[in-house]
>>> print(open('run09.cif').read())   # mmCIF, C-alpha atoms
data_final
loop_
_atom_site.label_atom_id
_atom_site.label_comp_id
_atom_site.auth_asym_id
_atom_site.auth_seq_id
_atom_site.Cartn_x
_atom_site.Cartn_y
_atom_site.Cartn_z
CA MET J 1078 -137.49 -36.06 -65.97
CA ASN J 1079 -140.58 -35.67 -63.73
CA SER J 1080 -140.75 -36.31 -59.98
CA SER J 1081 -142.17 -39.83 -60.47
CA ALA J 1082 -139.23 -40.81 -62.68
CA TYR J 1083 -136.76 -39.41 -60.11
CA HIS J 1084 -138.55 -41.44 -57.45
CA ILE J 1085 -138.12 -44.65 -59.44
CA VAL J 1086 -134.43 -43.96 -60.07
CA PHE J 1087 -133.92 -43.27 -56.36
CA LEU J 1088 -135.61 -46.54 -55.39
CA ARG J 1089 -133.56 -48.51 -57.93
CA VAL J 1090 -130.34 -47.13 -56.49
CA MET J 1091 -131.41 -47.70 -52.89
CA LEU J 1092 -132.64 -51.24 -53.56
CA PHE J 1093 -129.80 -52.26 -55.89
CA PRO J 1094 -128.32 -54.46 -53.10
CA LEU J 1095 -131.60 -56.40 -53.05
CA ALA J 1096 -131.35 -57.13 -56.78
CA MET J 1097 -127.68 -58.10 -56.40
CA PHE J 1098 -128.50 -60.40 -53.46
CA ARG J 1099 -131.27 -62.04 -55.46
CA LEU J 1100 -129.01 -62.63 -58.46
CA VAL J 1101 -126.40 -64.37 -56.27
CA VAL J 1102 -129.06 -66.50 -54.53
CA VAL J 1103 -130.66 -67.42 -57.88
CA PHE J 1104 -127.26 -68.66 -59.06
CA LEU J 1105 -126.64 -70.66 -55.87
CA ILE J 1106 -130.12 -72.20 -55.95
CA SER J 1107 -129.58 -73.17 -59.58
CA VAL J 1108 -126.30 -74.90 -58.72
CA ALA J 1109 -128.00 -76.85 -55.92
CA PHE J 1110 -130.90 -77.58 -58.26
CA LEU J 1111 -128.49 -78.98 -60.82
CA PHE J 1112 -127.05 -81.59 -58.45
CA LEU J 1113 -130.47 -82.49 -57.03
CA SER J 1114 -131.83 -82.80 -60.56
CA ILE J 1115 -129.07 -85.20 -61.54
CA ALA J 1116 -129.84 -87.32 -58.48
CA GLU J 1117 -133.58 -87.31 -59.23
CA TYR J 1118 -132.91 -88.15 -62.88
CA TYR J 1119 -131.00 -91.31 -61.99
CA LEU J 1120 -133.57 -92.28 -59.38
CA SER J 1121 -136.31 -91.88 -61.99
CA GLN J 1122 -134.31 -94.11 -64.34
CA LEU J 1123 -134.06 -96.68 -61.55
CA PHE J 1124 -137.71 -96.62 -60.48
CA GLY J 1125 -139.21 -95.73 -63.85
CA LYS J 1126 -141.06 -92.52 -62.97
CA ASN J 1127 -140.16 -88.85 -62.73
CA HIS J 1128 -142.14 -86.90 -60.10
CA PHE J 1129 -140.47 -83.52 -60.80
CA ILE J 1130 -140.01 -83.01 -57.04
CA THR J 1131 -136.77 -81.10 -57.53
CA MET J 1132 -138.28 -78.89 -60.23
CA ARG J 1133 -141.25 -77.99 -58.03
CA LEU J 1134 -138.92 -77.13 -55.13
CA TRP J 1135 -136.70 -75.07 -57.46
CA GLY J 1136 -139.68 -73.14 -58.80
CA TRP J 1137 -140.99 -72.29 -55.33
CA CYS J 1138 -137.54 -71.22 -54.11
CA MET J 1139 -137.11 -68.94 -57.12
CA LEU J 1140 -140.52 -67.31 -56.65
CA ILE J 1141 -139.83 -66.70 -52.96
CA VAL J 1142 -136.35 -65.25 -53.57
CA LEU J 1143 -137.62 -62.98 -56.35
CA GLY J 1144 -140.57 -61.81 -54.29
CA VAL J 1145 -143.17 -63.06 -56.78
CA VAL J 1146 -146.70 -63.06 -55.38
CA VAL J 1147 -148.95 -65.43 -57.34
CA ARG J 1148 -152.73 -65.48 -57.56
CA ARG J 1149 -153.98 -68.68 -59.20
CA ASN J 1150 -157.03 -70.90 -59.49
CA LYS J 1151 -157.52 -74.66 -59.34
CA PHE J 1152 -156.01 -76.88 -62.03
CA PRO J 1153 -158.59 -78.98 -63.93
CA SER J 1154 -158.80 -82.72 -63.27
CA VAL J 1155 -156.57 -84.34 -65.90
CA ASP J 1156 -153.61 -86.73 -65.77
CA ARG J 1157 -151.51 -86.42 -68.93
CA PHE J 1158 -151.74 -83.10 -70.76
CA ILE J 1159 -150.08 -80.29 -72.67
CA LEU J 1160 -150.09 -77.07 -70.65
CA MET J 1161 -150.44 -74.08 -73.00
CA PRO J 1162 -149.73 -70.73 -71.32
CA ASN J 1163 -148.99 -67.40 -72.96
CA HIS J 1164 -145.41 -66.21 -72.41
CA ARG J 1165 -144.40 -62.93 -70.76
CA SER J 1166 -141.10 -63.47 -68.93
CA TYR J 1167 -138.44 -65.95 -67.79
CA ILE J 1168 -140.36 -65.89 -64.49
CA ASP J 1169 -143.07 -67.90 -66.30
CA ILE J 1170 -140.79 -70.95 -66.13
CA PHE J 1171 -140.58 -70.64 -62.35
CA LEU J 1172 -144.37 -70.25 -62.15
CA VAL J 1173 -145.03 -73.46 -64.06
CA ALA J 1174 -142.25 -75.34 -62.27
CA ALA J 1175 -143.71 -74.43 -58.87
CA HIS J 1176 -147.39 -74.98 -59.61
CA LYS J 1177 -147.51 -77.65 -62.33
CA PRO J 1178 -144.03 -79.08 -63.06
CA THR J 1179 -143.75 -80.79 -66.43
CA THR J 1180 -141.33 -81.35 -69.25
CA PHE J 1181 -140.80 -77.95 -70.93
CA VAL J 1182 -140.42 -77.08 -74.58
CA ALA J 1183 -138.11 -74.06 -74.67
CA LYS J 1184 -135.98 -72.14 -77.13
CA ALA J 1185 -132.51 -73.56 -77.70
CA GLU J 1186 -130.81 -70.38 -76.42
CA LEU J 1187 -131.70 -71.37 -72.84
CA ARG J 1188 -129.36 -74.35 -73.12
CA LYS J 1189 -126.45 -71.87 -73.17
CA TRP J 1190 -127.36 -70.28 -69.83
CA PRO J 1191 -124.63 -70.94 -67.21
CA VAL J 1192 -125.58 -73.75 -64.79
CA LEU J 1193 -129.30 -73.31 -65.39
CA GLY J 1194 -129.10 -74.52 -68.97
CA PHE J 1195 -127.50 -77.82 -68.01
CA ALA J 1196 -129.93 -78.25 -65.13
CA MET J 1197 -132.81 -77.80 -67.58
CA SER J 1198 -131.32 -80.46 -69.86
CA VAL J 1199 -131.12 -82.93 -66.99
CA ASN J 1200 -134.80 -82.25 -66.24
CA ARG J 1201 -135.84 -83.53 -69.66
CA MET J 1202 -136.41 -80.06 -71.12
CA ILE J 1203 -136.96 -80.19 -74.88
CA PHE J 1204 -134.98 -77.51 -76.72
CA VAL J 1205 -136.09 -76.25 -80.11
CA GLN J 1206 -134.55 -73.93 -82.69
CA ARG J 1207 -137.59 -71.97 -83.83
CA ASP J 1208 -136.15 -71.09 -87.24
CA ASN J 1209 -134.96 -74.63 -88.01
CA LEU J 1210 -137.58 -76.87 -89.64
CA ARG J 1211 -135.68 -80.08 -88.84
CA SER J 1212 -135.45 -79.02 -85.19
CA MET J 1213 -139.21 -78.42 -85.13
CA PHE J 1214 -139.94 -81.93 -86.40
CA ASP J 1215 -137.49 -83.37 -83.85
CA THR J 1216 -139.29 -81.43 -81.12
CA MET J 1217 -142.63 -82.98 -82.09
CA SER J 1218 -141.00 -86.40 -81.89
CA GLN J 1219 -139.62 -85.66 -78.43
CA ILE J 1220 -143.00 -84.43 -77.20
CA LYS J 1221 -144.62 -87.65 -78.41
CA GLN J 1222 -141.90 -89.67 -76.70
CA ALA J 1223 -142.52 -87.76 -73.45
CA PHE J 1224 -146.20 -88.70 -73.63
CA ASP J 1225 -145.32 -92.32 -74.34
CA ASN J 1226 -143.24 -92.21 -71.14
CA GLY J 1227 -146.22 -90.90 -69.19
CA LEU J 1228 -144.99 -87.30 -68.89
CA SER J 1229 -146.93 -84.09 -69.37
CA VAL J 1230 -145.45 -81.19 -71.33
CA THR J 1231 -145.58 -77.40 -71.19
CA VAL J 1232 -145.50 -75.56 -74.53
CA PHE J 1233 -145.56 -71.78 -74.93
CA PRO J 1234 -147.59 -71.61 -78.18
CA GLU J 1235 -146.45 -68.06 -79.04
CA GLY J 1236 -142.89 -69.36 -79.32
CA THR J 1237 -141.39 -66.32 -77.56
CA THR J 1238 -142.18 -63.74 -74.90
CA PHE J 1239 -144.63 -60.94 -75.62
CA LYS J 1240 -145.33 -57.89 -73.47
CA GLY J 1241 -148.96 -57.71 -74.51
CA PRO J 1242 -151.70 -56.81 -74.30
CA GLY J 1243 -153.13 -59.87 -76.00
CA LEU J 1244 -151.25 -62.66 -77.73
CA ARG J 1245 -148.82 -63.26 -80.58
CA PRO J 1246 -149.72 -65.74 -83.35
CA PHE J 1247 -149.56 -69.38 -82.23
CA LYS J 1248 -147.24 -72.02 -83.68
CA ALA J 1249 -149.22 -74.94 -85.13
CA GLY J 1250 -146.90 -77.94 -84.57
CA SER J 1251 -147.86 -78.92 -81.02
CA PHE J 1252 -151.57 -78.57 -81.85
CA LYS J 1253 -151.20 -81.03 -84.73
CA MET J 1254 -149.50 -83.56 -82.49
CA ALA J 1255 -152.05 -83.12 -79.69
CA ALA J 1256 -154.96 -83.52 -82.12
CA GLU J 1257 -153.50 -86.71 -83.62
CA ALA J 1258 -152.65 -88.21 -80.22
CA GLY J 1259 -155.92 -87.15 -78.57
CA VAL J 1260 -154.03 -85.51 -75.71
CA PRO J 1261 -155.94 -82.84 -73.77
CA LEU J 1262 -154.64 -79.27 -73.80
CA VAL J 1263 -154.93 -77.07 -70.71
CA PRO J 1264 -154.86 -73.35 -71.64
CA ALA J 1265 -153.40 -70.94 -69.08
CA ALA J 1266 -153.02 -67.17 -68.80
CA ILE J 1267 -150.02 -65.40 -67.27
CA GLU J 1268 -150.39 -61.68 -66.65
CA TYR J 1269 -148.17 -59.40 -64.56
CA ARG J 1270 -149.66 -56.41 -62.78
CA ASN J 1271 -146.81 -54.31 -64.16
CA ARG J 1272 -146.41 -54.91 -67.90
CA ASN J 1273 -142.75 -53.83 -67.65
CA ASP J 1274 -142.06 -57.12 -65.86
CA ALA J 1275 -142.24 -58.74 -69.30
CA TRP J 1276 -138.89 -59.81 -70.74
CA VAL J 1277 -139.02 -59.31 -74.50
CA GLY J 1278 -137.05 -58.48 -77.63
CA ASN J 1279 -133.28 -58.15 -77.43
CA ASP J 1280 -133.31 -57.31 -73.72
CA THR J 1281 -130.62 -59.31 -71.91
CA PHE J 1282 -131.34 -61.32 -68.79
CA ILE J 1283 -128.97 -59.30 -66.59
CA ALA J 1284 -130.26 -55.93 -67.80
CA HIS J 1285 -133.88 -56.92 -67.22
CA PHE J 1286 -133.08 -58.52 -63.87
CA PHE J 1287 -131.50 -55.39 -62.42
CA ARG J 1288 -134.15 -53.13 -63.93
CA GLN J 1289 -137.07 -55.09 -62.46
CA MET J 1290 -135.85 -57.26 -59.58
CA TRP J 1291 -135.03 -54.36 -57.23
CA LYS J 1292 -138.74 -54.27 -56.38
CA PRO J 1293 -139.59 -56.04 -53.12
CA LEU J 1294 -142.63 -57.73 -54.72
CA THR J 1295 -143.81 -58.68 -58.20
CA PHE J 1296 -147.49 -59.56 -58.67
CA VAL J 1297 -148.75 -62.05 -61.24
CA ASN J 1298 -152.01 -63.83 -62.08
CA PHE J 1299 -151.65 -67.45 -63.20
CA THR J 1300 -155.03 -68.76 -64.37
CA PHE J 1301 -155.88 -72.21 -65.74
CA GLY J 1302 -158.72 -72.89 -68.15
CA GLU J 1303 -160.69 -76.09 -68.72
CA LYS J 1304 -159.09 -78.93 -70.68
CA ILE J 1305 -159.70 -79.05 -74.44
CA ILE J 1306 -159.68 -82.11 -76.72
CA ASN J 1307 -160.28 -81.88 -80.46
CA GLU J 1308 -159.22 -84.07 -83.39
CA ASP J 1309 -159.09 -81.05 -85.71
CA PHE J 1310 -155.85 -79.20 -84.95
CA LYS J 1311 -157.07 -75.93 -86.47
CA GLU J 1312 -160.15 -75.92 -84.25
CA LEU J 1313 -158.01 -76.98 -81.30
CA LYS J 1314 -155.64 -74.09 -81.91
CA GLU J 1315 -158.48 -71.58 -82.18
CA GLN J 1316 -160.26 -72.91 -79.08
CA THR J 1317 -157.05 -72.68 -77.06
CA ARG J 1318 -156.40 -69.13 -78.20
CA GLU J 1319 -159.95 -68.02 -77.39
CA SER J 1320 -159.69 -69.60 -73.93
CA ILE J 1321 -156.39 -67.86 -73.11
CA GLU J 1322 -157.72 -64.51 -74.36
CA LYS J 1323 -160.76 -64.82 -72.07
CA LEU J 1324 -158.53 -65.77 -69.13
CA LEU J 1325 -156.28 -62.77 -69.80
CA ASP J 1326 -159.30 -60.45 -69.91
CA LYS J 1327 -160.44 -61.74 -66.51
CA SER J 1328 -156.98 -61.31 -64.97
CA VAL J 1329 -156.66 -57.60 -65.83
#
>>> encode(input="run09.cif", output="structure tokens")
Amino acid sequence: MNSSAYHIVFLRVMLFPLAMFRLVVVFLISVAFLFLSIAEYYLSQLFGKNHFITMRLWGWCMLIVLGVVVRRNKFPSVDRFILMPNHRSYIDIFLVAAHKPTTFVAKAELRKWPVLGFAMSVNRMIFVQRDNLRSMFDTMSQIKQAFDNGLSVTVFPEGTTFKGPGLRPFKAGSFKMAAEAGVPLVPAAIEYRNRNDAWVGNDTFIAHFFRQMWKPLTFVNFTFGEKIINEDFKELKEQTRESIEKLLDKSV
């Protein structure tokens, strides 16, 4: 083990209390978020519109507690949309929640997370089992219903996290629905300064959290592209991919 590796180990040990503090605060914020989300859900049912105020507040609180420093650009002028970012980490959810809260499409495993999973359900999150064809069709139906209710949606087109560089293959379902409905897509690029901040493979949440969240600050670029509308879903998919790739290249 070289001197640099010893230095990292030393810092992890010294700053372990910071990671532990953050984990406790993340849990407490999520509990508070759950109750506020339930209240906002019933208010939205009463007044007929969901403003995602609680989700935005939750996202900002999480980013502050985790020491995430975000560099971003201006969001394009568009009302109802599908936000299409690449996917690096669970932190991506906090990024989107803070800067452009929407209904999320997320893998079904997140529903099982203590407290947070139920809070996500209350906030109209759409859960999908990626390897279940019936679930995929049901997801498309739920996305369409969200649009009919005037809501925007965030879809991670890769379907899972990827450390990079570059992108994984995109899933086609949401592009087909967007093309048929004429809904604009907004591509977005998420890139962390330290690639090890990515949460991928069989890595557990707790293991990754304590390995990465001892650092005082985590730096990330969150860049939005221009909206894209196309009636041909294959062209729409390719245009979105090319846009995200260009945004990623600029953020390096």
>>> atom_distance(input="run09.cif", atom1="CA of Gly1227 (chain J)", atom2="CA of Asn1298 (chain J)")
28.6 Å
>>> closest_residue(input="run09.cif", among="J:Ala1256, J:Leu1111, J:Leu1120, J:Val1263", to="Lys1177 (chain J)", atoms="all atoms listed in the file")
J:Val1263
>>> resolve_selection(input="run09.cif", expression="the PyMOL selection byres ((chain J and resi 1136) around 8)", output="PyMOL selection string")
chain J and resi 1132-1135+1137-1140+1170-1176
>>> write_last_selection(input="run09.cif", atoms="C-alpha atoms", output="PDB file, keeping the file's coordinate frame")
ATOM      1  CA  MET J1132    -138.280 -78.890 -60.230  1.00  0.00           C
ATOM      2  CA  ARG J1133    -141.250 -77.990 -58.030  1.00  0.00           C
ATOM      3  CA  LEU J1134    -138.920 -77.130 -55.130  1.00  0.00           C
ATOM      4  CA  TRP J1135    -136.700 -75.070 -57.460  1.00  0.00           C
ATOM      5  CA  TRP J1137    -140.990 -72.290 -55.330  1.00  0.00           C
ATOM      6  CA  CYS J1138    -137.540 -71.220 -54.110  1.00  0.00           C
ATOM      7  CA  MET J1139    -137.110 -68.940 -57.120  1.00  0.00           C
ATOM      8  CA  LEU J1140    -140.520 -67.310 -56.650  1.00  0.00           C
ATOM      9  CA  ILE J1170    -140.790 -70.950 -66.130  1.00  0.00           C
ATOM     10  CA  PHE J1171    -140.580 -70.640 -62.350  1.00  0.00           C
ATOM     11  CA  LEU J1172    -144.370 -70.250 -62.150  1.00  0.00           C
ATOM     12  CA  VAL J1173    -145.030 -73.460 -64.060  1.00  0.00           C
ATOM     13  CA  ALA J1174    -142.250 -75.340 -62.270  1.00  0.00           C
ATOM     14  CA  ALA J1175    -143.710 -74.430 -58.870  1.00  0.00           C
ATOM     15  CA  HIS J1176    -147.390 -74.980 -59.610  1.00  0.00           C
TER      16      HIS J1176
END
>>> closest_residue(input="run09.cif", among="J:Ser1114, J:Thr1237, J:Ser1251, J:Thr1231", to="Phe1129 (chain J)", atoms="all atoms listed in the file")
J:Ser1114
>>> closest_residue(input="run09.cif", among="J:Leu1325, J:Val1277, J:Leu1244, J:Ala1255", to="Ser1218 (chain J)", atoms="all atoms listed in the file")
J:Ala1255
>>> resolve_selection(input="run09.cif", expression="the PyMOL selection byres ((chain J and resi 1267) around 12)", output="NGL selection string")
:J and (1147-1150 or 1161-1173 or 1233 or 1238-1244 or 1264-1266 or 1268-1272 or 1274-1275 or 1296-1302 or 1321-1329)
>>> write_last_selection(input="run09.cif", atoms="C-alpha atoms", output="PDB file, in the coordinates of the input")
ATOM      1  CA  VAL J1147    -148.950 -65.430 -57.340  1.00  0.00           C
ATOM      2  CA  ARG J1148    -152.730 -65.480 -57.560  1.00  0.00           C
ATOM      3  CA  ARG J1149    -153.980 -68.680 -59.200  1.00  0.00           C
ATOM      4  CA  ASN J1150    -157.030 -70.900 -59.490  1.00  0.00           C
ATOM      5  CA  MET J1161    -150.440 -74.080 -73.000  1.00  0.00           C
ATOM      6  CA  PRO J1162    -149.730 -70.730 -71.320  1.00  0.00           C
ATOM      7  CA  ASN J1163    -148.990 -67.400 -72.960  1.00  0.00           C
ATOM      8  CA  HIS J1164    -145.410 -66.210 -72.410  1.00  0.00           C
ATOM      9  CA  ARG J1165    -144.400 -62.930 -70.760  1.00  0.00           C
ATOM     10  CA  SER J1166    -141.100 -63.470 -68.930  1.00  0.00           C
ATOM     11  CA  TYR J1167    -138.440 -65.950 -67.790  1.00  0.00           C
ATOM     12  CA  ILE J1168    -140.360 -65.890 -64.490  1.00  0.00           C
ATOM     13  CA  ASP J1169    -143.070 -67.900 -66.300  1.00  0.00           C
ATOM     14  CA  ILE J1170    -140.790 -70.950 -66.130  1.00  0.00           C
ATOM     15  CA  PHE J1171    -140.580 -70.640 -62.350  1.00  0.00           C
ATOM     16  CA  LEU J1172    -144.370 -70.250 -62.150  1.00  0.00           C
ATOM     17  CA  VAL J1173    -145.030 -73.460 -64.060  1.00  0.00           C
ATOM     18  CA  PHE J1233    -145.560 -71.780 -74.930  1.00  0.00           C
ATOM     19  CA  THR J1238    -142.180 -63.740 -74.900  1.00  0.00           C
ATOM     20  CA  PHE J1239    -144.630 -60.940 -75.620  1.00  0.00           C
ATOM     21  CA  LYS J1240    -145.330 -57.890 -73.470  1.00  0.00           C
ATOM     22  CA  GLY J1241    -148.960 -57.710 -74.510  1.00  0.00           C
ATOM     23  CA  PRO J1242    -151.700 -56.810 -74.300  1.00  0.00           C
ATOM     24  CA  GLY J1243    -153.130 -59.870 -76.000  1.00  0.00           C
ATOM     25  CA  LEU J1244    -151.250 -62.660 -77.730  1.00  0.00           C
ATOM     26  CA  PRO J1264    -154.860 -73.350 -71.640  1.00  0.00           C
ATOM     27  CA  ALA J1265    -153.400 -70.940 -69.080  1.00  0.00           C
ATOM     28  CA  ALA J1266    -153.020 -67.170 -68.800  1.00  0.00           C
ATOM     29  CA  GLU J1268    -150.390 -61.680 -66.650  1.00  0.00           C
ATOM     30  CA  TYR J1269    -148.170 -59.400 -64.560  1.00  0.00           C
ATOM     31  CA  ARG J1270    -149.660 -56.410 -62.780  1.00  0.00           C
ATOM     32  CA  ASN J1271    -146.810 -54.310 -64.160  1.00  0.00           C
ATOM     33  CA  ARG J1272    -146.410 -54.910 -67.900  1.00  0.00           C
ATOM     34  CA  ASP J1274    -142.060 -57.120 -65.860  1.00  0.00           C
ATOM     35  CA  ALA J1275    -142.240 -58.740 -69.300  1.00  0.00           C
ATOM     36  CA  PHE J1296    -147.490 -59.560 -58.670  1.00  0.00           C
ATOM     37  CA  VAL J1297    -148.750 -62.050 -61.240  1.00  0.00           C
ATOM     38  CA  ASN J1298    -152.010 -63.830 -62.080  1.00  0.00           C
ATOM     39  CA  PHE J1299    -151.650 -67.450 -63.200  1.00  0.00           C
ATOM     40  CA  THR J1300    -155.030 -68.760 -64.370  1.00  0.00           C
ATOM     41  CA  PHE J1301    -155.880 -72.210 -65.740  1.00  0.00           C
ATOM     42  CA  GLY J1302    -158.720 -72.890 -68.150  1.00  0.00           C
ATOM     43  CA  ILE J1321    -156.390 -67.860 -73.110  1.00  0.00           C
ATOM     44  CA  GLU J1322    -157.720 -64.510 -74.360  1.00  0.00           C
ATOM     45  CA  LYS J1323    -160.760 -64.820 -72.070  1.00  0.00           C
ATOM     46  CA  LEU J1324    -158.530 -65.770 -69.130  1.00  0.00           C
ATOM     47  CA  LEU J1325    -156.280 -62.770 -69.800  1.00  0.00           C
ATOM     48  CA  ASP J1326    -159.300 -60.450 -69.910  1.00  0.00           C
ATOM     49  CA  LYS J1327    -160.440 -61.740 -66.510  1.00  0.00           C
ATOM     50  CA  SER J1328    -156.980 -61.310 -64.970  1.00  0.00           C
ATOM     51  CA  VAL J1329    -156.660 -57.600 -65.830  1.00  0.00           C
TER      52      VAL J1329
END
>>> closest_residue(input="run09.cif", among="J:Val1103, J:Ala1116, J:Leu1262, J:Ile1203", to="Glu1303 (chain J)", atoms="only C-alpha atoms")
J:Leu1262
>>> atom_distance(input="run09.cif", atom1="CA of Ala1249 (chain J)", atom2="CA of Thr1317 (chain J)")
11.5 Å
>>> residues_near_point(input="run09.cif", point="(-129.3, -62.4, -55.7)", cutoff="12 Å", atoms="all atoms listed in the file", output="number ranges by chain")
J: 1092-1107, 1139, 1141-1144, 1283, 1286-1287, 1290-1291
>>> write_last_selection(input="run09.cif", atoms="C-alpha atoms", output="short mmCIF file (atom, residue, chain, number, x, y, z; two decimals), in the frame of the given file")
data_model
loop_
_atom_site.label_atom_id
_atom_site.label_comp_id
_atom_site.auth_asym_id
_atom_site.auth_seq_id
_atom_site.Cartn_x
_atom_site.Cartn_y
_atom_site.Cartn_z
CA LEU J 1092 -132.64 -51.24 -53.56
CA PHE J 1093 -129.80 -52.26 -55.89
CA PRO J 1094 -128.32 -54.46 -53.10
CA LEU J 1095 -131.60 -56.40 -53.05
CA ALA J 1096 -131.35 -57.13 -56.78
CA MET J 1097 -127.68 -58.10 -56.40
CA PHE J 1098 -128.50 -60.40 -53.46
CA ARG J 1099 -131.27 -62.04 -55.46
CA LEU J 1100 -129.01 -62.63 -58.46
CA VAL J 1101 -126.40 -64.37 -56.27
CA VAL J 1102 -129.06 -66.50 -54.53
CA VAL J 1103 -130.66 -67.42 -57.88
CA PHE J 1104 -127.26 -68.66 -59.06
CA LEU J 1105 -126.64 -70.66 -55.87
CA ILE J 1106 -130.12 -72.20 -55.95
CA SER J 1107 -129.58 -73.17 -59.58
CA MET J 1139 -137.11 -68.94 -57.12
CA ILE J 1141 -139.83 -66.70 -52.96
CA VAL J 1142 -136.35 -65.25 -53.57
CA LEU J 1143 -137.62 -62.98 -56.35
CA GLY J 1144 -140.57 -61.81 -54.29
CA ILE J 1283 -128.97 -59.30 -66.59
CA PHE J 1286 -133.08 -58.52 -63.87
CA PHE J 1287 -131.50 -55.39 -62.42
CA MET J 1290 -135.85 -57.26 -59.58
CA TRP J 1291 -135.03 -54.36 -57.23
#
>>> closest_atom_pairs(input="run09.cif", of="region 1137-1192 of chain J", to="region 1304-1310 of chain J", cutoff="9 Å", atoms="only C-alpha atoms", output="Markdown table")
| residue | atom | partner | partner_atom | distance |
| --- | --- | --- | --- | --- |
| J:Pro1153 | CA | J:Lys1304 | CA | 6.8 |
| J:Ser1154 | CA | J:Lys1304 | CA | 8.3 |
| J:Val1155 | CA | J:Lys1304 | CA | 7.6 |
| J:Phe1158 | CA | J:Lys1304 | CA | 8.5 |
>>> atom_distance(input="run09.cif", atom1="CA of Thr1180 (chain J)", atom2="CA of Leu1113 (chain J)")
16.4 Å
